[in-house]
Amino acid sequence: MTIKGNPLMYIGIMALMLVIIISSIIMKSLESKFLPLIFSGLVFVLSGIGLWQELTSGKAKAKEEDRETGRDGWRGYLVHGAWVGVFILVIYLAGYIIAVPLFLLTYMKRLGTRWLTALIFAAVTTLLVWGVFELALGLELYRGAILEWLRERSPG
Amino acid sequence: MEILTEGYLQALRNFASAEIWLIMAIGLLIGFFFGIVPGISGAVALALILPFVFKMSPMQALPLMMAIMATQYQGGSISTILLGLPGTPGSAATLLDGFAMSKKGEAGRALGAAQMASAMSNVITAFLALAIIPLVLPIAFAIHSQEMVFVTLLGVSFIAVLGSGSQLKGLISAGIGFLISLVGFQATTAVPRFTFGSLYLYSGFSIIPVVLGLFALPEMVALAARGGTISRVKVEIKGFADVMRGVKDVFRHWLLVLRSNVSAFLLGLIPAIGASAATFIAYGQAKQMSKHPETFGQGNVEGVIAPESANNAVEAGALLTTLALGIPGSGIMALLLGAFVILGLVPGPEMLTKHLSVSLTLIWVIGATAVMGLVFYLPMCTRMAAVATTPARILVPLVIVILSVGSFVYHGVFNDVLATFTFGIIGILMRRYQFNRPALFLAFVLGPLLEKYLFISLKLSGPLFFLRPVSLIIMVVIIAAVTYQPIVNRLRRRKESRPA
């Protein structure tokens with residue numbers, strides 16, 4: 001029997017709650033561990049009930065679940081989630097001013113926008129982000145780890 | 001009485017400033033845009049705006065959010081009527097007759113009726129809320145730290161149990177929300193909890209990454225995964241005279257507006273009823289009392305007026321419960337509560353005592369924004385459908401950029417962006433498996449308050465602090481709310497399995 005969908009979620013939550021219960025027990029003061037123990041214990045028990053209900057509620061529900069969260073359904077989420085993940089990685093490395101136009105240009109193209117439209121949106125949005133936050137509000141946007149590293153290495 | 005008079009006067013003074021009108025106009029545009037685009041509701045709009053309001057004063061930030069909230073349904077009705085796609089869940093009941101009217105060639109009339117009913121309803125509910133506050137005030141004064149422990153639990157349990165989806169999943173979501181709120185230093189002992197040695201986690205997660213990750217990111221990823229254009233329907237609209245016909249219909253059915261409005265407002269006072277349920281109830285009532293119930297669903301204007309009068313009223317009712325008791329009636333109200341915390345206001349009775357003028361100003365904003373919305377959008381509503389056809393390929397990348405910048409600027413720390421992404425993954429999982437995101441968020445916001453009030457109560461009254469009349473009543477209500485549905489289900493199953 002393969003476990004997926006809701007039962008897998010419940011098992012994941014129960015495992016997480018076990019970790020929280022163990023790390024709460026070893027906390028020093030009662031005040032610190034009181035609420036974590038209560039809530040993690042409660043969530044553990046409720047997830048156990050949920051898991052039991054899922055496993056005993058018959059095949060029809062499982063089939064419906066399979067259709068809902070099947071591989072095809074997840075593929076879109078994974079692909080677009082990965083795009084966001086890569087965008088955040090580029091922000092971390094190169095900062096907003098480089099990551100924003102790069103992301104807009106490539107992601108809009110990936111979603112089916114024409115090059116020219118994507119280029120215009122990328123340029124205008126980057127200018128707006130820079131203008132509003134750096135110029136108007138005086139906030140320094142994240143410059144990226146590479147620039148930070150270069151700054152540290154440059155003499156003076 | 002003196003507090004009340006001073007509160008009303010101060011609210012009027014606040015309302016007289018040009019700044020507040022400018023803020024309302026901005027909120028109007030944002031709310032309308034997010035309302036009209038199907039798939040991204042007012043909750044997403046409020047989530048996206050939160051990172052940008054933390055530097056504002058409460059009198060700037062809260063009216064902005066209130067204006068967004070108040071106009072989202074006016075926008076939502078346009079895409080519902082013209083495209084057959086509800087812009088917000090609260091516009092779903094309008095679909096039945098609104099879209100049918102469009103297909104009959106009466107789109108302008110339906111739009112006029114929806115806009116006028118929405119605006120009229122907002123004005124009526126504002127007056128209703130202002131009238132009801134003096135009655136609620138004594139309750140607010142009767143609530144102390146000992147009661148606040150249970151009021152906090154009541155709010156979370158209501159939204160967990162009565163919200164959409166499975167009750168069990170709602171309670172699990174709330175429990176996880178409380179646990180997330182416990183990350184960081186414990187207030188009374190300064191012992192770090194679940195920080196894993198990370199300096200970033202010592203002060204706990206801030207609201208912005210949680211709200212953006214849970215509400216905005218999953219919607220965008222889902223919209224991108226679905227792909228294509230949001231709308232494929234094209235409806236022909238006649239001239240402005242048709243729109244005015246709808247406006248006149250509202251005045252002809254003023255009693256229907258009033259009835260739908262008052263009943264939805266009262267329903268909104270009960271936490272977690274939600275706009276969707278209230279609008280369908282109003283629709284049902286209208287059908288029952290109509291002279292032509294057989295035409296409902298085929299394009300009867302009463303079927304547009306009733307839900308459009310109700311969807312605004314239910315949010316106004318929920319606002320009052322949020323302000324008076326800190327119990328948010330809906331997901332949007334949970335986000336508003338998050339805004340209170342960011343702006344340094346304690347949600348709950350203090351909003352009707354210490355910050356009464358702020359609360360009253362917010363109620364005025366609801367009424368005024370609706371009238372502004374009517375003046376701005378009635379002449380243009382027939383052309384507004386174009387906004388709803390904004391393709392996902394343009395909208396999604398832009399919103400992802402806004403939310404990434406928004407999550408950074410709050411503290412200026414890159415870890416907040418990582419936290420947003422992490423909560424985004426949690427949000428996607430919760431969305432896919434239908435866990436209750438508002439319950440998790442509300443528990444996260446109220447968690448620190450619960451812990452604070454719990455230890456204050458223990459210090460003041462000892463371990464039996466709950467033996468007070470109001471606390472006991474609230475405890476009974478919580479137990480009833482949590483156990484009612486499982487007991488009913490069990491009885492029903494037993495009845496079904498019994499041989500006939």
# chains A, B, ... in the order shown; residues from 1 in each chain; ligands from 1

$ interface_residues --of "chain A" --to "chain B" --cutoff "8 Å" --atoms "only C-alpha atoms" --output "NGL selection string"
:A and (5-6 or 23 or 29 or 31-32 or 35-36 or 39-40 or 42-43 or 46-47 or 50 or 69 or 76-77 or 80-81 or 84-85 or 88 or 92 or 96 or 100 or 103-104 or 107-108 or 111-113 or 125 or 139-142)

$ write_last_selection --atoms "N, CA and C atoms" --output "JSON list (two decimals), in the first residue's frame"
[["chain", "number", "residue", "atom", "x", "y", "z"],
["A", 5, "GLY", "N", -0.87, 11.81, -0.33],
["A", 5, "GLY", "CA", -1.96, 12.74, -0.08],
["A", 5, "GLY", "C", -2.14, 13.05, 1.40],
["A", 6, "ASN", "N", -3.41, 13.09, 1.80],
["A", 6, "ASN", "CA", -3.73, 13.47, 3.19],
["A", 6, "ASN", "C", -3.03, 12.61, 4.24],
["A", 23, "SER", "N", 11.92, 18.13, 21.95],
["A", 23, "SER", "CA", 12.73, 19.31, 22.25],
["A", 23, "SER", "C", 12.08, 20.18, 23.33],
["A", 29, "SER", "N", 12.83, 25.61, 31.89],
["A", 29, "SER", "CA", 11.76, 26.06, 32.80],
["A", 29, "SER", "C", 10.38, 25.58, 32.35],
["A", 31, "GLU", "N", 7.65, 27.31, 32.43],
["A", 31, "GLU", "CA", 6.97, 28.35, 31.63],
["A", 31, "GLU", "C", 7.28, 28.21, 30.14],
["A", 32, "SER", "N", 8.53, 27.85, 29.83],
["A", 32, "SER", "CA", 8.93, 27.76, 28.42],
["A", 32, "SER", "C", 8.31, 26.55, 27.74],
["A", 35, "LEU", "N", 3.26, 25.73, 27.06],
["A", 35, "LEU", "CA", 2.41, 25.84, 25.86],
["A", 35, "LEU", "C", 2.91, 24.98, 24.69],
["A", 36, "PRO", "N", 4.25, 24.92, 24.43],
["A", 36, "PRO", "CA", 4.70, 24.03, 23.34],
["A", 36, "PRO", "C", 4.25, 22.59, 23.53],
["A", 39, "PHE", "N", 0.30, 22.36, 22.92],
["A", 39, "PHE", "CA", -0.12, 22.47, 21.51],
["A", 39, "PHE", "C", 0.43, 21.34, 20.64],
["A", 40, "SER", "N", 1.72, 20.96, 20.87],
["A", 40, "SER", "CA", 2.26, 19.89, 20.03],
["A", 40, "SER", "C", 1.56, 18.57, 20.35],
["A", 42, "LEU", "N", -1.51, 18.24, 21.41],
["A", 42, "LEU", "CA", -2.86, 18.33, 20.83],
["A", 42, "LEU", "C", -2.83, 18.07, 19.32],
["A", 43, "VAL", "N", -1.89, 18.72, 18.64],
["A", 43, "VAL", "CA", -1.80, 18.55, 17.18],
["A", 43, "VAL", "C", -1.43, 17.10, 16.84],
["A", 46, "LEU", "N", -4.63, 15.04, 17.28],
["A", 46, "LEU", "CA", -5.60, 15.36, 16.21],
["A", 46, "LEU", "C", -5.14, 14.78, 14.87],
["A", 47, "SER", "N", -3.83, 14.86, 14.60],
["A", 47, "SER", "CA", -3.31, 14.30, 13.34],
["A", 47, "SER", "C", -3.46, 12.78, 13.35],
["A", 50, "GLY", "N", -6.94, 12.12, 12.44],
["A", 50, "GLY", "CA", -7.09, 12.37, 11.00],
["A", 50, "GLY", "C", -6.55, 11.22, 10.18],
["A", 69, "THR", "N", -4.69, 15.44, -6.22],
["A", 69, "THR", "CA", -3.28, 15.80, -5.98],
["A", 69, "THR", "C", -2.34, 14.87, -6.74],
["A", 76, "GLY", "N", 2.74, 21.37, -12.09],
["A", 76, "GLY", "CA", 2.65, 22.81, -12.25],
["A", 76, "GLY", "C", 3.15, 23.55, -11.02],
["A", 77, "TYR", "N", 2.73, 23.07, -9.85],
["A", 77, "TYR", "CA", 3.16, 23.69, -8.60],
["A", 77, "TYR", "C", 4.68, 23.61, -8.45],
["A", 80, "HIS", "N", 6.50, 26.01, -11.09],
["A", 80, "HIS", "CA", 6.42, 27.45, -10.78],
["A", 80, "HIS", "C", 7.01, 27.75, -9.40],
["A", 81, "GLY", "N", 6.89, 26.80, -8.47],
["A", 81, "GLY", "CA", 7.55, 26.95, -7.17],
["A", 81, "GLY", "C", 9.06, 27.01, -7.35],
["A", 84, "VAL", "N", 10.19, 30.42, -8.47],
["A", 84, "VAL", "CA", 10.27, 31.36, -7.34],
["A", 84, "VAL", "C", 11.53, 31.07, -6.52],
["A", 85, "GLY", "N", 11.82, 29.78, -6.32],
["A", 85, "GLY", "CA", 13.01, 29.39, -5.56],
["A", 85, "GLY", "C", 14.28, 29.91, -6.21],
["A", 88, "ILE", "N", 14.66, 33.64, -5.76],
["A", 88, "ILE", "CA", 15.16, 34.01, -4.43],
["A", 88, "ILE", "C", 16.67, 33.73, -4.33],
["A", 92, "TYR", "N", 19.59, 36.41, -3.55],
["A", 92, "TYR", "CA", 20.61, 36.20, -2.51],
["A", 92, "TYR", "C", 22.01, 36.44, -3.09],
["A", 96, "TYR", "N", 18.58, 42.58, -5.58],
["A", 96, "TYR", "CA", 17.30, 42.87, -6.25],
["A", 96, "TYR", "C", 17.46, 43.51, -7.62],
["A", 100, "VAL", "N", 15.56, 41.19, -10.22],
["A", 100, "VAL", "CA", 14.20, 41.55, -10.65],
["A", 100, "VAL", "C", 14.05, 41.58, -12.17],
["A", 103, "PHE", "N", 14.51, 38.01, -13.64],
["A", 103, "PHE", "CA", 13.37, 37.13, -13.35],
["A", 103, "PHE", "C", 12.18, 37.50, -14.23],
["A", 104, "LEU", "N", 11.87, 38.79, -14.28],
["A", 104, "LEU", "CA", 10.69, 39.21, -15.05],
["A", 104, "LEU", "C", 10.83, 38.84, -16.52],
["A", 107, "TYR", "N", 10.90, 34.78, -16.77],
["A", 107, "TYR", "CA", 9.68, 34.12, -16.31],
["A", 107, "TYR", "C", 8.48, 34.51, -17.18],
["A", 108, "MET", "N", 8.42, 35.79, -17.55],
["A", 108, "MET", "CA", 7.31, 36.21, -18.43],
["A", 108, "MET", "C", 7.42, 35.49, -19.76],
["A", 111, "LEU", "N", 6.18, 32.06, -19.43],
["A", 111, "LEU", "CA", 4.72, 31.97, -19.33],
["A", 111, "LEU", "C", 4.02, 32.33, -20.65],
["A", 112, "GLY", "N", 4.82, 32.71, -21.65],
["A", 112, "GLY", "CA", 4.24, 32.93, -22.97],
["A", 112, "GLY", "C", 4.11, 34.37, -23.40],
["A", 113, "THR", "N", 4.76, 35.29, -22.68],
["A", 113, "THR", "CA", 4.72, 36.71, -23.09],
["A", 113, "THR", "C", 5.75, 36.93, -24.20],
["A", 125, "THR", "N", 9.36, 47.89, -14.32],
["A", 125, "THR", "CA", 9.21, 47.43, -12.92],
["A", 125, "THR", "C", 10.49, 47.65, -12.13],
["A", 139, "LEU", "N", 15.29, 53.46, 1.31],
["A", 139, "LEU", "CA", 15.62, 52.12, 1.83],
["A", 139, "LEU", "C", 16.62, 51.46, 0.88],
["A", 140, "GLU", "N", 17.66, 50.83, 1.46],
["A", 140, "GLU", "CA", 18.62, 50.16, 0.58],
["A", 140, "GLU", "C", 18.17, 48.73, 0.34],
["A", 141, "LEU", "N", 17.91, 48.42, -0.91],
["A", 141, "LEU", "CA", 17.50, 47.05, -1.24],
["A", 141, "LEU", "C", 18.72, 46.13, -1.13],
["A", 142, "TYR", "N", 18.48, 44.85, -0.89],
["A", 142, "TYR", "CA", 19.56, 43.88, -0.70],
["A", 142, "TYR", "C", 20.45, 43.84, -1.95]]

$ residues_around --residues "Ser357 of chain B" --least-positions-apart "4" --cutoff "12 Å" --atoms "only C-alpha atoms" --output "PyMOL selection string"
chain B and resi 3-15+58-59+130+133+323+350-353+361-364

$ atom_distance --atom1 "atom CA of Gly284 of chain B" --atom2 "atom CA of Leu255 of chain B"
15.3 Å

$ select_by_dssp --residues "segment 58-169 of chain B" --states "alpha helix (DSSP H)" --output "number ranges by chain"
B: 58-83, 92-103, 107-142, 145-162, 167-169

$ closest_residue --among "A:Tyr10, A:Thr126, A:Thr117, A:Phe133" --to "Tyr410 of chain B" --atoms "only C-alpha atoms"
A:Phe133

$ decode --residues "segment 67-117 of chain A" --atoms "N, CA and C atoms" --output "mmCIF file, in the first residue's frame"
data_model
loop_
_atom_site.group_PDB
_atom_site.id
_atom_site.type_symbol
_atom_site.label_atom_id
_atom_site.label_comp_id
_atom_site.auth_asym_id
_atom_site.auth_seq_id
_atom_site.Cartn_x
_atom_site.Cartn_y
_atom_site.Cartn_z
ATOM 1 N N ARG A 67 -6.826 11.856 -7.663
ATOM 2 C CA ARG A 67 -7.104 12.685 -8.825
ATOM 3 C C ARG A 67 -6.783 14.152 -8.524
ATOM 4 N N GLU A 68 -7.128 14.548 -7.322
ATOM 5 C CA GLU A 68 -6.940 15.942 -6.909
ATOM 6 C C GLU A 68 -5.455 16.319 -6.820
ATOM 7 N N THR A 69 -4.686 15.440 -6.225
ATOM 8 C CA THR A 69 -3.282 15.795 -5.977
ATOM 9 C C THR A 69 -2.344 14.870 -6.737
ATOM 10 N N GLY A 70 -2.819 14.386 -7.863
ATOM 11 C CA GLY A 70 -2.006 13.471 -8.659
ATOM 12 C C GLY A 70 -0.758 14.139 -9.204
ATOM 13 N N ARG A 71 0.058 13.330 -9.909
ATOM 14 C CA ARG A 71 1.353 13.819 -10.370
ATOM 15 C C ARG A 71 1.211 15.039 -11.280
ATOM 16 N N ASP A 72 0.189 15.000 -12.193
ATOM 17 C CA ASP A 72 0.006 16.114 -13.127
ATOM 18 C C ASP A 72 -0.315 17.405 -12.395
ATOM 19 N N GLY A 73 -1.167 17.281 -11.346
ATOM 20 C CA GLY A 73 -1.546 18.448 -10.565
ATOM 21 C C GLY A 73 -0.342 19.074 -9.879
ATOM 22 N N TRP A 74 0.540 18.220 -9.401
ATOM 23 C CA TRP A 74 1.699 18.712 -8.661
ATOM 24 C C TRP A 74 2.762 19.313 -9.571
ATOM 25 N N ARG A 75 2.823 18.824 -10.825
ATOM 26 C CA ARG A 75 3.913 19.257 -11.706
ATOM 27 C C ARG A 75 3.933 20.783 -11.853
ATOM 28 N N GLY A 76 2.737 21.368 -12.095
ATOM 29 C CA GLY A 76 2.650 22.814 -12.254
ATOM 30 C C GLY A 76 3.151 23.550 -11.016
ATOM 31 N N TYR A 77 2.733 23.066 -9.848
ATOM 32 C CA TYR A 77 3.159 23.693 -8.598
ATOM 33 C C TYR A 77 4.682 23.612 -8.448
ATOM 34 N N LEU A 78 5.230 22.429 -8.777
ATOM 35 C CA LEU A 78 6.680 22.234 -8.619
ATOM 36 C C LEU A 78 7.452 23.148 -9.567
ATOM 37 N N VAL A 79 6.993 23.208 -10.828
ATOM 38 C CA VAL A 79 7.707 24.019 -11.827
ATOM 39 C C VAL A 79 7.700 25.496 -11.420
ATOM 40 N N HIS A 80 6.502 26.011 -11.085
ATOM 41 C CA HIS A 80 6.417 27.448 -10.777
ATOM 42 C C HIS A 80 7.009 27.754 -9.403
ATOM 43 N N GLY A 81 6.888 26.796 -8.474
ATOM 44 C CA GLY A 81 7.550 26.951 -7.170
ATOM 45 C C GLY A 81 9.057 27.012 -7.351
ATOM 46 N N ALA A 82 9.587 26.182 -8.279
ATOM 47 C CA ALA A 82 11.026 26.177 -8.543
ATOM 48 C C ALA A 82 11.477 27.517 -9.132
ATOM 49 N N TRP A 83 10.640 28.113 -9.993
ATOM 50 C CA TRP A 83 10.967 29.434 -10.548
ATOM 51 C C TRP A 83 11.119 30.461 -9.420
ATOM 52 N N VAL A 84 10.189 30.416 -8.469
ATOM 53 C CA VAL A 84 10.267 31.363 -7.340
ATOM 54 C C VAL A 84 11.527 31.069 -6.518
ATOM 55 N N GLY A 85 11.822 29.776 -6.321
ATOM 56 C CA GLY A 85 13.012 29.390 -5.562
ATOM 57 C C GLY A 85 14.281 29.913 -6.214
ATOM 58 N N VAL A 86 14.379 29.763 -7.537
ATOM 59 C CA VAL A 86 15.572 30.237 -8.260
ATOM 60 C C VAL A 86 15.653 31.770 -8.178
ATOM 61 N N PHE A 87 14.493 32.423 -8.265
ATOM 62 C CA PHE A 87 14.458 33.895 -8.158
ATOM 63 C C PHE A 87 15.049 34.340 -6.814
ATOM 64 N N ILE A 88 14.659 33.642 -5.765
ATOM 65 C CA ILE A 88 15.161 34.007 -4.433
ATOM 66 C C ILE A 88 16.667 33.731 -4.328
ATOM 67 N N LEU A 89 17.106 32.647 -4.952
ATOM 68 C CA LEU A 89 18.537 32.336 -4.961
ATOM 69 C C LEU A 89 19.321 33.440 -5.682
ATOM 70 N N VAL A 90 18.789 33.904 -6.819
ATOM 71 C CA VAL A 90 19.472 34.972 -7.565
ATOM 72 C C VAL A 90 19.471 36.272 -6.751
ATOM 73 N N ILE A 91 18.359 36.540 -6.021
ATOM 74 C CA ILE A 91 18.340 37.737 -5.161
ATOM 75 C C ILE A 91 19.470 37.605 -4.131
ATOM 76 N N TYR A 92 19.590 36.413 -3.546
ATOM 77 C CA TYR A 92 20.614 36.195 -2.515
ATOM 78 C C TYR A 92 22.014 36.443 -3.086
ATOM 79 N N LEU A 93 22.248 35.958 -4.297
ATOM 80 C CA LEU A 93 23.589 36.073 -4.879
ATOM 81 C C LEU A 93 23.847 37.455 -5.476
ATOM 82 N N ALA A 94 22.886 37.949 -6.254
ATOM 83 C CA ALA A 94 23.162 39.159 -7.040
ATOM 84 C C ALA A 94 22.368 40.389 -6.593
ATOM 85 N N GLY A 95 21.418 40.229 -5.689
ATOM 86 C CA GLY A 95 20.636 41.369 -5.205
ATOM 87 C C GLY A 95 19.423 41.669 -6.076
ATOM 88 N N TYR A 96 18.577 42.581 -5.583
ATOM 89 C CA TYR A 96 17.300 42.870 -6.250
ATOM 90 C C TYR A 96 17.461 43.510 -7.624
ATOM 91 N N ILE A 97 18.400 44.450 -7.721
ATOM 92 C CA ILE A 97 18.468 45.248 -8.949
ATOM 93 C C ILE A 97 18.843 44.379 -10.158
ATOM 94 N N ILE A 98 19.559 43.286 -9.908
ATOM 95 C CA ILE A 98 19.879 42.369 -11.014
ATOM 96 C C ILE A 98 18.805 41.279 -11.125
ATOM 97 N N ALA A 99 18.365 40.769 -9.972
ATOM 98 C CA ALA A 99 17.437 39.628 -9.988
ATOM 99 C C ALA A 99 16.062 39.994 -10.553
ATOM 100 N N VAL A 100 15.557 41.187 -10.220
ATOM 101 C CA VAL A 100 14.196 41.555 -10.646
ATOM 102 C C VAL A 100 14.048 41.584 -12.175
ATOM 103 N N PRO A 101 14.909 42.330 -12.916
ATOM 104 C CA PRO A 101 14.713 42.327 -14.381
ATOM 105 C C PRO A 101 14.974 40.957 -14.999
ATOM 106 N N LEU A 102 15.975 40.254 -14.449
ATOM 107 C CA LEU A 102 16.307 38.927 -14.975
ATOM 108 C C LEU A 102 15.116 37.978 -14.818
ATOM 109 N N PHE A 103 14.512 38.009 -13.636
ATOM 110 C CA PHE A 103 13.373 37.131 -13.349
ATOM 111 C C PHE A 103 12.180 37.496 -14.228
ATOM 112 N N LEU A 104 11.871 38.795 -14.276
ATOM 113 C CA LEU A 104 10.690 39.212 -15.050
ATOM 114 C C LEU A 104 10.833 38.843 -16.521
ATOM 115 N N LEU A 105 12.029 39.096 -17.055
ATOM 116 C CA LEU A 105 12.265 38.819 -18.470
ATOM 117 C C LEU A 105 12.111 37.323 -18.774
ATOM 118 N N THR A 106 12.789 36.486 -17.981
ATOM 119 C CA THR A 106 12.796 35.052 -18.281
ATOM 120 C C THR A 106 11.469 34.382 -17.908
ATOM 121 N N TYR A 107 10.901 34.781 -16.771
ATOM 122 C CA TYR A 107 9.676 34.116 -16.315
ATOM 123 C C TYR A 107 8.477 34.509 -17.185
ATOM 124 N N MET A 108 8.416 35.786 -17.549
ATOM 125 C CA MET A 108 7.314 36.215 -18.426
ATOM 126 C C MET A 108 7.415 35.494 -19.762
ATOM 127 N N LYS A 109 8.638 35.348 -20.257
ATOM 128 C CA LYS A 109 8.848 34.637 -21.534
ATOM 129 C C LYS A 109 8.405 33.183 -21.378
ATOM 130 N N ARG A 110 8.776 32.590 -20.230
ATOM 131 C CA ARG A 110 8.415 31.186 -19.974
ATOM 132 C C ARG A 110 6.882 31.012 -19.945
ATOM 133 N N LEU A 111 6.179 32.057 -19.427
ATOM 134 C CA LEU A 111 4.718 31.970 -19.332
ATOM 135 C C LEU A 111 4.017 32.329 -20.652
ATOM 136 N N GLY A 112 4.821 32.707 -21.646
ATOM 137 C CA GLY A 112 4.239 32.927 -22.974
ATOM 138 C C GLY A 112 4.114 34.374 -23.404
ATOM 139 N N THR A 113 4.761 35.294 -22.681
ATOM 140 C CA THR A 113 4.718 36.706 -23.090
ATOM 141 C C THR A 113 5.751 36.925 -24.204
ATOM 142 N N ARG A 114 5.471 37.889 -25.090
ATOM 143 C CA ARG A 114 6.438 38.179 -26.154
ATOM 144 C C ARG A 114 7.668 38.881 -25.564
ATOM 145 N N TRP A 115 8.827 38.712 -26.263
ATOM 146 C CA TRP A 115 10.085 39.284 -25.761
ATOM 147 C C TRP A 115 9.956 40.777 -25.478
ATOM 148 N N LEU A 116 9.382 41.514 -26.431
ATOM 149 C CA LEU A 116 9.325 42.971 -26.297
ATOM 150 C C LEU A 116 8.500 43.379 -25.078
ATOM 151 N N THR A 117 7.338 42.730 -24.933
ATOM 152 C CA THR A 117 6.472 43.044 -23.787
ATOM 153 C C THR A 117 7.206 42.735 -22.481
#
